[in-house]
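The structure file final35.csv is reproduced below (CSV, C-alpha atoms).
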```csv
chain,number,residue,atom,x,y,z
A,1,MET,CA,94.7,75.1,87.5
A,2,ASN,CA,91.5,76.8,87.0
A,3,GLY,CA,92.2,79.5,84.4
A,4,HIS,CA,91.8,82.1,87.2
A,5,ASP,CA,93.2,85.0,85.1
A,6,ASP,CA,90.8,84.2,82.3
A,7,TYR,CA,88.0,85.7,84.3
A,8,ILE,CA,89.4,88.2,86.7
A,9,ASP,CA,89.0,91.8,85.6
A,10,ILE,CA,92.5,93.1,84.7
A,11,ASN,CA,92.9,96.8,84.1
A,12,LEU,CA,96.6,97.5,83.7
A,13,ARG,CA,97.9,100.7,85.4
A,14,ASP,CA,99.5,103.4,83.3
A,15,VAL,CA,103.2,102.8,82.7
A,16,GLU,CA,104.1,106.2,84.2
A,17,GLU,CA,102.5,105.2,87.4
A,18,ILE,CA,104.3,101.9,87.5
A,19,ALA,CA,107.6,103.5,86.8
A,20,GLY,CA,107.1,106.0,89.6
A,21,ARG,CA,106.3,103.2,92.0
A,22,ALA,CA,109.5,101.4,91.0
A,23,VAL,CA,111.5,104.5,91.9
A,24,VAL,CA,109.9,104.5,95.3
A,25,LEU,CA,110.5,100.8,95.9
A,26,ALA,CA,114.2,101.2,94.9
A,27,THR,CA,114.4,104.1,97.4
A,28,LEU,CA,112.9,102.0,100.2
A,29,VAL,CA,115.5,99.3,99.5
A,30,ARG,CA,118.3,101.9,99.7
A,31,ARG,CA,116.8,103.2,103.0
A,32,ALA,CA,116.9,99.7,104.5
A,33,MET,CA,120.5,99.3,103.5
A,34,LEU,CA,121.4,102.3,105.6
A,35,ASP,CA,120.2,100.4,108.7
A,36,VAL,CA,121.5,97.0,108.0
A,37,MET,CA,125.0,97.6,106.5
A,38,ASP,CA,128.1,97.9,108.6
A,39,ALA,CA,129.4,101.4,109.2
A,40,ASP,CA,132.4,100.8,107.0
A,41,GLU,CA,130.4,99.5,104.0
A,42,GLU,CA,129.6,101.7,101.0
A,43,VAL,CA,126.0,102.6,100.2
A,44,PRO,CA,125.3,102.3,96.4
A,45,GLY,CA,124.8,105.7,94.9
A,46,ALA,CA,126.2,107.6,97.9
A,47,ASP,CA,129.5,109.0,99.0
A,48,ASP,CA,130.1,108.3,102.7
A,49,GLU,CA,133.0,110.8,102.7
A,50,LEU,CA,130.6,113.6,101.9
A,51,PHE,CA,127.4,112.6,103.7
A,52,ASP,CA,126.7,110.8,106.9
A,53,ARG,CA,124.1,108.1,106.7
A,54,ASP,CA,121.3,110.1,108.1
A,55,GLY,CA,122.2,112.8,105.6
A,56,ILE,CA,121.8,110.2,102.8
A,57,ARG,CA,118.4,109.2,104.3
A,58,PHE,CA,117.3,112.9,104.3
A,59,ASP,CA,118.3,113.1,100.6
A,60,LEU,CA,116.3,110.0,99.7
A,61,LEU,CA,113.1,111.5,101.1
A,62,ALA,CA,113.7,115.1,99.8
A,63,TRP,CA,114.5,113.8,96.3
A,64,LEU,CA,111.4,111.6,96.2
A,65,LYS,CA,109.2,114.4,97.3
A,66,GLU,CA,110.6,116.5,94.5
A,67,GLN,CA,110.8,113.9,91.7
A,68,GLU,CA,107.9,111.4,92.5
A,69,PRO,CA,105.4,113.3,94.6
A,70,ASP,CA,102.4,111.3,93.1
A,71,ALA,CA,104.1,107.9,93.7
A,72,LEU,CA,105.1,108.6,97.3
A,73,GLU,CA,102.5,107.2,99.7
A,74,PRO,CA,102.2,108.2,103.4
A,75,GLU,CA,103.7,104.9,104.7
A,76,ASP,CA,106.7,105.4,102.4
A,77,ALA,CA,107.3,108.9,103.6
A,78,GLU,CA,107.0,107.7,107.3
A,79,ILE,CA,109.7,105.1,106.8
A,80,LEU,CA,112.0,107.5,105.0
A,81,ALA,CA,111.5,110.1,107.6
A,82,LYS,CA,112.8,107.9,110.4
A,83,PRO,CA,116.4,108.5,111.5
A,84,VAL,CA,118.9,105.8,110.5
A,85,GLY,CA,118.9,102.9,113.1
A,86,GLU,CA,115.2,103.5,114.2
A,87,LEU,CA,113.3,101.3,111.7
A,88,THR,CA,111.3,98.6,113.4
A,89,GLU,CA,111.6,94.9,112.3
A,90,ASP,CA,108.2,95.2,110.5
A,91,GLU,CA,109.5,98.3,108.6
A,92,LEU,CA,112.7,96.6,107.7
A,93,ASP,CA,110.7,93.6,106.4
A,94,LEU,CA,108.6,95.9,104.3
A,95,CYS,CA,111.7,97.4,102.8
A,96,THR,CA,113.1,93.9,102.2
A,97,ASP,CA,109.9,92.8,100.5
A,98,ALA,CA,110.3,95.9,98.2
A,99,THR,CA,113.2,94.0,96.5
A,100,ASP,CA,110.9,91.3,95.2
A,101,ALA,CA,108.2,93.8,94.3
A,102,LEU,CA,110.7,96.0,92.5
A,103,ALA,CA,111.9,93.0,90.4
A,104,ALA,CA,108.3,92.5,89.3
A,105,LEU,CA,107.7,96.1,88.4
A,106,MET,CA,111.0,96.5,86.6
A,107,TRP,CA,110.1,93.5,84.5
A,108,ALA,CA,106.6,94.8,83.8
A,109,ILE,CA,107.9,98.1,82.4
A,110,SER,CA,110.7,96.2,80.4
A,111,ALA,CA,113.5,97.7,82.5
A,112,ALA,CA,114.5,94.1,83.3
A,113,THR,CA,114.7,91.5,80.5
A,114,SER,CA,113.4,88.6,82.6
A,115,LEU,CA,111.7,87.7,85.8
A,116,PRO,CA,113.2,84.6,87.4
A,117,PRO,CA,110.8,81.9,88.7
A,118,PRO,CA,109.5,82.7,92.2
A,119,SER,CA,111.5,79.7,93.6
A,120,GLU,CA,114.8,81.4,92.6
A,121,VAL,CA,114.6,84.0,95.4
A,122,GLU,CA,118.2,85.1,95.2
A,123,GLU,CA,118.0,85.7,91.4
A,124,ALA,CA,115.1,88.1,91.7
A,125,VAL,CA,117.3,90.9,93.2
A,126,THR,CA,117.1,93.9,90.9
A,127,ASP,CA,120.3,95.8,90.2
A,128,LEU,CA,119.8,99.2,91.9
A,129,ASP,CA,122.2,100.8,89.4
A,130,HIS,CA,119.3,100.5,86.9
A,131,THR,CA,117.1,102.8,88.9
A,132,PRO,CA,117.3,106.5,89.5
A,133,GLN,CA,118.8,107.8,92.8
A,134,PRO,CA,119.4,111.1,94.4
A,135,TRP,CA,119.6,113.6,92.7
A,136,ASP,CA,118.9,112.0,89.3
A,137,ASP,CA,116.2,113.3,87.0
A,138,VAL,CA,113.6,110.5,86.8
A,139,ARG,CA,112.2,111.6,83.4
A,140,PRO,CA,114.6,109.4,81.3
A,141,PHE,CA,113.6,106.4,83.4
A,142,HIS,CA,109.9,107.1,82.8
A,143,LEU,CA,110.5,107.7,79.1
A,144,ASP,CA,112.3,104.4,78.7
A,145,ALA,CA,109.5,102.5,80.5
A,146,THR,CA,107.5,100.3,78.1
A,147,LEU,CA,104.6,98.2,79.5
A,148,ARG,CA,104.6,94.6,78.6
A,149,GLN,CA,101.6,92.9,76.9
A,150,GLU,CA,98.6,92.3,79.2
A,151,GLU,CA,98.7,88.6,78.5
A,152,ARG,CA,102.3,88.2,79.7
A,153,ILE,CA,101.7,90.3,82.8
A,154,ALA,CA,98.6,88.2,83.6
A,155,GLN,CA,100.5,85.0,83.1
A,156,GLU,CA,103.2,86.1,85.6
A,157,ARG,CA,100.6,87.2,88.0
A,158,GLU,CA,99.0,83.7,87.8
A,159,ILE,CA,102.4,82.1,88.3
A,160,ALA,CA,103.0,84.2,91.4
A,161,GLU,CA,99.6,83.3,92.7
A,162,LEU,CA,100.2,79.6,92.2
A,163,TRP,CA,103.5,79.8,94.0
A,164,PHE,CA,102.1,81.8,96.9
A,165,TRP,CA,99.3,79.2,97.3
A,166,ARG,CA,101.8,76.4,97.4
A,167,ALA,CA,104.1,78.2,99.8
A,168,ALA,CA,101.3,79.2,102.1
A,169,LEU,CA,100.3,75.5,102.5
A,170,SER,CA,103.7,74.7,104.0
A,171,ILE,CA,104.2,77.7,106.3
A,172,ASP,CA,104.0,75.4,109.4
A,173,GLY,CA,105.3,72.3,107.7
A,174,GLU,CA,104.0,70.1,104.9
A,175,PRO,CA,100.2,69.4,105.0
A,176,ALA,CA,99.3,66.0,106.4
A,177,ALA,CA,95.8,65.8,105.0
A,178,ALA,CA,95.5,63.5,102.0
A,179,GLU,CA,93.1,65.9,100.3
A,180,GLU,CA,95.7,68.7,100.5
A,181,ARG,CA,98.5,66.5,99.2
A,182,GLN,CA,96.3,65.5,96.3
A,183,ALA,CA,95.4,69.1,95.6
A,184,ILE,CA,99.1,69.9,95.3
A,185,ARG,CA,99.6,67.1,92.8
A,186,THR,CA,96.6,68.1,90.8
A,187,VAL,CA,97.5,71.8,90.6
A,188,ALA,CA,101.2,71.1,89.9
A,189,ASP,CA,100.3,68.7,87.0
A,190,GLU,CA,97.8,71.2,85.5
A,191,ALA,CA,100.2,74.2,85.9
A,192,ALA,CA,103.0,72.3,84.4
A,193,SER,CA,100.8,71.2,81.5
A,194,ALA,CA,100.0,74.9,80.9
A,195,GLY,CA,103.7,75.8,80.9
A,196,LEU,CA,103.5,77.9,84.1
A,197,ILE,CA,105.8,75.9,86.4
A,198,GLN,CA,108.3,73.1,86.5
A,199,ILE,CA,107.5,70.1,88.6
A,200,ALA,CA,109.4,67.3,90.5
A,201,ALA,CA,107.8,64.2,91.9
A,202,GLY,CA,104.3,65.7,91.5
A,203,ASP,CA,105.2,68.9,93.3
A,204,PHE,CA,106.4,72.4,92.4
A,205,ALA,CA,110.1,72.2,91.7
A,206,VAL,CA,112.8,74.1,93.5
A,207,ASP,CA,116.2,73.6,91.8
A,208,GLY,CA,115.0,70.2,90.6
A,209,GLU,CA,113.7,69.1,93.9
A,210,PRO,CA,110.0,68.8,95.0
A,211,TYR,CA,108.9,71.7,97.2
A,212,ALA,CA,108.0,69.4,100.0
A,213,LYS,CA,111.7,68.4,100.4
A,214,VAL,CA,113.0,72.0,100.6
A,215,GLY,CA,114.2,73.3,104.0
A,216,GLN,CA,111.8,75.4,106.0
A,217,SER,CA,113.9,78.5,106.0
A,218,LEU,CA,114.0,78.6,102.2
A,219,LYS,CA,110.2,77.9,102.2
A,220,HIS,CA,109.8,81.0,104.4
A,221,GLU,CA,111.9,83.1,101.9
A,222,ILE,CA,109.9,81.8,99.0
A,223,LEU,CA,106.6,82.6,100.8
A,224,ALA,CA,107.7,86.2,101.5
A,225,GLY,CA,109.1,86.7,98.0
A,226,THR,CA,106.1,85.4,96.2
A,227,ALA,CA,103.7,87.4,98.4
A,228,ALA,CA,105.6,90.6,97.6
A,229,ARG,CA,105.7,89.7,93.9
A,230,LEU,CA,102.0,88.7,93.8
A,231,ARG,CA,100.9,91.9,95.5
A,232,ALA,CA,103.0,94.0,93.1
A,233,LEU,CA,101.5,92.3,90.1
A,234,ASN,CA,98.0,92.6,91.5
A,235,TRP,CA,98.7,96.3,91.8
A,236,VAL,CA,100.0,96.4,88.2
A,237,CYS,CA,96.8,94.7,87.1
A,238,GLY,CA,94.7,97.4,88.7
A,239,PHE,CA,93.7,95.9,92.1
A,240,GLY,CA,93.7,98.2,95.1
A,241,ASP,CA,93.1,101.9,95.2
A,242,THR,CA,96.7,102.5,96.5
A,243,TRP,CA,99.8,100.4,96.8
A,244,ALA,CA,99.3,100.0,100.5
A,245,ASP,CA,95.8,98.5,100.2
A,246,THR,CA,96.5,96.2,97.3
A,247,PRO,CA,95.2,92.7,98.2
A,248,LEU,CA,96.9,89.3,97.8
A,249,ASP,CA,93.5,87.6,97.1
A,250,VAL,CA,91.6,89.2,94.2
A,251,ASP,CA,88.7,86.8,94.1
```
Take the structure in this file and express it as structure tokens.
Amino acid sequence: MNGHDDYIDINLRDVEEIAGRAVVLATLVRRAMLDVMDADEEVPGADDELFDRDGIRFDLLAWLKEQEPDALEPEDAEILAKPVGELTEDELDLCTDATDALAALMWAISAATSLPPPSEVEEAVTDLDHTPQPWDDVRPFHLDATLRQEERIAQEREIAELWFWRAALSIDGEPAAAEERQAIRTVADEAASAGLIQIAAGDFAVDGEPYAKVGQSLKHEILAGTAARLRALNWVCGFGDTWADTPLDVD
């Protein structure tokens, strides 16, 4: 722990801007569902008896252009413009990452009561019923948005940064170097003392177990989820000119 957020220059974005971005992210999640769900499954917020799936996809883009023109970025529009079934793996991954980013934004604007620890990847899924969808008026969602205190947002940003650091160390297996293992113990102890994380056996805790003992597939999920959350909270804190160019590292 180095008190990193004590000296980075945080300049929180306007709550209206964050609410608009949340609407876009929820729409990207809905767009991905059109590609990955079975043909006989229902799409939340849509009536398959009235619209085919590409018709739903068309509505998502047309509605966003009408309701959130300032929040819609070129990359978002490009994904939403692609016919159902034609998203690349990278584009599907981007839409999947939007789930974790959306959870962070919904918490930041008080539309979600809590933000689960980054280790609880399955608990971070935001209920899409709490976000506007075609053809809702987004104004009530914006009016209800209330930005949390800067100190709380900065704290969650630091927690996400710590978890991303820990997860990135294990992307190809646990580090073998003694210095890295000692760094994990030191950071874990300091972060736990500051009340930022739970620890187990001198390591970040995942469901009561040390991170080093977690299966590699779950480690990859945690890495992807924490990266999406960290990028989202960096954006909320004013880093990056646009959503697309928001960095993970703000040093």
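Note that the spacing between atom CA of Pro116 of chain A and atom CA of Met37 of chain A amounts to 25.9 Å.
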Proximity check segment 149-235 of chain A to segment 13-30 of chain A, 12 Å, nearest pairs one decimal Å, all atoms listed in the file, as a Markdown table:
```
| residue | atom | partner | partner_atom | distance |
| --- | --- | --- | --- | --- |
| A:Gln149 | CA | A:Val15 | CA | 11.6 |
| A:Glu150 | CA | A:Arg13 | CA | 10.5 |
| A:Ile153 | CA | A:Arg13 | CA | 11.4 |
| A:Ala228 | CA | A:Leu25 | CA | 11.4 |
| A:Ala232 | CA | A:Ile18 | CA | 9.8 |
| A:Leu233 | CA | A:Arg13 | CA | 10.3 |
| A:Asn234 | CA | A:Arg13 | CA | 10.1 |
| A:Trp235 | CA | A:Arg13 | CA | 7.8 |
```
Next, dump the selected residues to file, keeping only C-alpha atoms, as an mmCIF file, in the coordinates of the input.
```cif
data_model
loop_
_atom_site.group_PDB
_atom_site.id
_atom_site.type_symbol
_atom_site.label_atom_id
_atom_site.label_comp_id
_atom_site.auth_asym_id
_atom_site.auth_seq_id
_atom_site.Cartn_x
_atom_site.Cartn_y
_atom_site.Cartn_z
ATOM 1 C CA GLN A 149 101.600 92.900 76.900
ATOM 2 C CA GLU A 150 98.600 92.300 79.200
ATOM 3 C CA ILE A 153 101.700 90.300 82.800
ATOM 4 C CA ALA A 228 105.600 90.600 97.600
ATOM 5 C CA ALA A 232 103.000 94.000 93.100
ATOM 6 C CA LEU A 233 101.500 92.300 90.100
ATOM 7 C CA ASN A 234 98.000 92.600 91.500
ATOM 8 C CA TRP A 235 98.700 96.300 91.800
#
```
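Of the residues under consideration (A:Ile171, A:Leu34, A:Ala244, A:Ala191), A:Ile171 shows the shortest atom-to-atom contact distance to Ile222 of chain A when counting all atoms listed in the file.
Closest approach to Ala77 of chain A among A:Glu179, A:Glu158, A:Glu91, A:Asp136: A:Glu91, based on only C-alpha atoms.
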Using only C-alpha atoms, which residues sit within 12 Å of Trp63 of chain A once same-chain residues fewer than 5 positions away are excluded, as a count of residues only? 18
With distances taken over all atoms listed in the file, which of A:Leu128, A:Val214, A:Leu196, A:Leu61 is nearest to Ser170 of chain A?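 Looking only at the distances to Ser170 of chain A, the closest residue turns out to be A:Val214.
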In Å, rounded to a single decimal, give me how far atom CA of Glu156 of chain A is from atom CA of Ser114 of chain A. 10.9 Å
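In this structure, atom CA of Lys219 of chain A sits 16.5 Å away from atom CA of Ile159 of chain A.
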Taking 5 positions as the minimum chain separation for residues in the same chain, which residues sit within 9 Å of Val84 of chain A when counting all atoms listed in the file? Answer as a list in words. Arg31, Ala32, Leu34, Asp35, Arg53, Asp54 and Arg57 of chain A
Would you mind putting back all heavy atoms on segment 233-244 of chain A, then writing it out as a PDB file, keeping the file's coordinate frame?
```
ATOM      1  N   LEU A 233     102.200  92.516  91.330  1.00  0.00           N
ATOM      2  CA  LEU A 233     101.500  92.300  90.100  1.00  0.00           C
ATOM      3  C   LEU A 233     100.042  92.460  90.135  1.00  0.00           C
ATOM      4  O   LEU A 233      99.405  92.868  89.146  1.00  0.00           O
ATOM      5  CB  LEU A 233     101.896  90.847  89.568  1.00  0.00           C
ATOM      6  CG  LEU A 233     103.367  90.673  89.166  1.00  0.00           C
ATOM      7  CD1 LEU A 233     103.674  89.206  88.867  1.00  0.00           C
ATOM      8  CD2 LEU A 233     103.712  91.549  87.956  1.00  0.00           C
ATOM      9  N   ASN A 234      99.441  92.204  91.295  1.00  0.00           N
ATOM     10  CA  ASN A 234      98.000  92.600  91.500  1.00  0.00           C
ATOM     11  C   ASN A 234      97.836  94.057  91.327  1.00  0.00           C
ATOM     12  O   ASN A 234      96.870  94.510  90.705  1.00  0.00           O
ATOM     13  CB  ASN A 234      97.548  92.102  92.860  1.00  0.00           C
ATOM     14  CG  ASN A 234      97.211  90.622  92.912  1.00  0.00           C
ATOM     15  OD1 ASN A 234      97.063  89.963  91.891  1.00  0.00           O
ATOM     16  ND2 ASN A 234      97.096  90.084  94.128  1.00  0.00           N
ATOM     17  N   TRP A 235      98.767  94.817  91.893  1.00  0.00           N
ATOM     18  CA  TRP A 235      98.700  96.300  91.800  1.00  0.00           C
ATOM     19  C   TRP A 235      98.839  96.707  90.320  1.00  0.00           C
ATOM     20  O   TRP A 235      98.073  97.541  89.826  1.00  0.00           O
ATOM     21  CB  TRP A 235      99.769  96.915  92.642  1.00  0.00           C
ATOM     22  CG  TRP A 235      99.812  98.408  92.585  1.00  0.00           C
ATOM     23  CD1 TRP A 235      99.030  99.292  93.296  1.00  0.00           C
ATOM     24  CD2 TRP A 235     100.681  99.215  91.786  1.00  0.00           C
ATOM     25  NE1 TRP A 235      99.359 100.590  92.967  1.00  0.00           N
ATOM     26  CE2 TRP A 235     100.370 100.569  92.046  1.00  0.00           C
ATOM     27  CE3 TRP A 235     101.691  98.920  90.869  1.00  0.00           C
ATOM     28  CZ2 TRP A 235     101.038 101.628  91.418  1.00  0.00           C
ATOM     29  CZ3 TRP A 235     102.355  99.960  90.243  1.00  0.00           C
ATOM     30  CH2 TRP A 235     102.022 101.300  90.510  1.00  0.00           C
ATOM     31  N   VAL A 236      99.801  96.131  89.612  1.00  0.00           N
ATOM     32  CA  VAL A 236     100.000  96.400  88.200  1.00  0.00           C
ATOM     33  C   VAL A 236      98.706  96.155  87.420  1.00  0.00           C
ATOM     34  O   VAL A 236      98.332  96.899  86.504  1.00  0.00           O
ATOM     35  CB  VAL A 236     101.166  95.640  87.606  1.00  0.00           C
ATOM     36  CG1 VAL A 236     101.204  95.746  86.081  1.00  0.00           C
ATOM     37  CG2 VAL A 236     102.490  96.124  88.187  1.00  0.00           C
ATOM     38  N   CYS A 237      98.006  95.079  87.807  1.00  0.00           N
ATOM     39  CA  CYS A 237      96.800  94.700  87.100  1.00  0.00           C
ATOM     40  C   CYS A 237      95.551  95.473  87.536  1.00  0.00           C
ATOM     41  O   CYS A 237      94.433  95.188  87.094  1.00  0.00           O
ATOM     42  CB  CYS A 237      96.525  93.180  87.318  1.00  0.00           C
ATOM     43  SG  CYS A 237      97.719  92.120  86.448  1.00  0.00           S
ATOM     44  N   GLY A 238      95.750  96.468  88.398  1.00  0.00           N
ATOM     45  CA  GLY A 238      94.700  97.400  88.700  1.00  0.00           C
ATOM     46  C   GLY A 238      93.920  97.135  89.989  1.00  0.00           C
ATOM     47  O   GLY A 238      92.901  97.794  90.257  1.00  0.00           O
ATOM     48  N   PHE A 239      94.384  96.212  90.818  1.00  0.00           N
ATOM     49  CA  PHE A 239      93.700  95.900  92.100  1.00  0.00           C
ATOM     50  C   PHE A 239      94.208  96.790  93.196  1.00  0.00           C
ATOM     51  O   PHE A 239      95.409  97.006  93.319  1.00  0.00           O
ATOM     52  CB  PHE A 239      93.838  94.430  92.417  1.00  0.00           C
ATOM     53  CG  PHE A 239      93.312  93.520  91.341  1.00  0.00           C
ATOM     54  CD1 PHE A 239      94.179  92.845  90.504  1.00  0.00           C
ATOM     55  CD2 PHE A 239      91.951  93.382  91.142  1.00  0.00           C
ATOM     56  CE1 PHE A 239      93.700  92.026  89.496  1.00  0.00           C
ATOM     57  CE2 PHE A 239      91.447  92.566  90.132  1.00  0.00           C
ATOM     58  CZ  PHE A 239      92.335  91.891  89.304  1.00  0.00           C
ATOM     59  N   GLY A 240      93.288  97.274  94.017  1.00  0.00           N
ATOM     60  CA  GLY A 240      93.700  98.200  95.100  1.00  0.00           C
ATOM     61  C   GLY A 240      93.647  99.617  94.671  1.00  0.00           C
ATOM     62  O   GLY A 240      94.089  99.947  93.562  1.00  0.00           O
ATOM     63  N   ASP A 241      93.142 100.483  95.527  1.00  0.00           N
ATOM     64  CA  ASP A 241      93.100 101.900  95.200  1.00  0.00           C
ATOM     65  C   ASP A 241      94.521 102.513  95.338  1.00  0.00           C
ATOM     66  O   ASP A 241      94.889 103.436  94.612  1.00  0.00           O
ATOM     67  CB  ASP A 241      92.152 102.652  96.128  1.00  0.00           C
ATOM     68  CG  ASP A 241      90.702 102.251  95.883  1.00  0.00           C
ATOM     69  OD1 ASP A 241      90.372 101.919  94.716  1.00  0.00           O
ATOM     70  OD2 ASP A 241      89.920 102.238  96.835  1.00  0.00           O
ATOM     71  N   THR A 242      95.302 101.993  96.293  1.00  0.00           N
ATOM     72  CA  THR A 242      96.700 102.500  96.500  1.00  0.00           C
ATOM     73  C   THR A 242      97.574 101.245  96.610  1.00  0.00           C
ATOM     74  O   THR A 242      97.102 100.109  96.742  1.00  0.00           O
ATOM     75  CB  THR A 242      96.778 103.284  97.803  1.00  0.00           C
ATOM     76  OG1 THR A 242      96.562 102.415  98.935  1.00  0.00           O
ATOM     77  CG2 THR A 242      95.783 104.431  97.829  1.00  0.00           C
ATOM     78  N   TRP A 243      98.879 101.501  96.587  1.00  0.00           N
ATOM     79  CA  TRP A 243      99.800 100.400  96.800  1.00  0.00           C
ATOM     80  C   TRP A 243      99.614  99.736  98.137  1.00  0.00           C
ATOM     81  O   TRP A 243      99.608  98.516  98.252  1.00  0.00           O
ATOM     82  CB  TRP A 243     101.257 100.949  96.677  1.00  0.00           C
ATOM     83  CG  TRP A 243     102.326  99.946  96.930  1.00  0.00           C
ATOM     84  CD1 TRP A 243     102.952  99.690  98.116  1.00  0.00           C
ATOM     85  CD2 TRP A 243     102.903  99.039  95.977  1.00  0.00           C
ATOM     86  NE1 TRP A 243     103.875  98.678  97.963  1.00  0.00           N
ATOM     87  CE2 TRP A 243     103.868  98.263  96.668  1.00  0.00           C
ATOM     88  CE3 TRP A 243     102.689  98.805  94.609  1.00  0.00           C
ATOM     89  CZ2 TRP A 243     104.629  97.290  96.033  1.00  0.00           C
ATOM     90  CZ3 TRP A 243     103.446  97.827  93.976  1.00  0.00           C
ATOM     91  CH2 TRP A 243     104.405  97.086  94.687  1.00  0.00           C
ATOM     92  N   ALA A 244      99.400 100.531  99.170  1.00  0.00           N
ATOM     93  CA  ALA A 244      99.300 100.000 100.500  1.00  0.00           C
ATOM     94  C   ALA A 244      98.087  99.098 100.718  1.00  0.00           C
ATOM     95  O   ALA A 244      98.128  98.176 101.544  1.00  0.00           O
ATOM     96  CB  ALA A 244      99.258 101.153 101.540  1.00  0.00           C
TER      97      ALA A 244
END
```
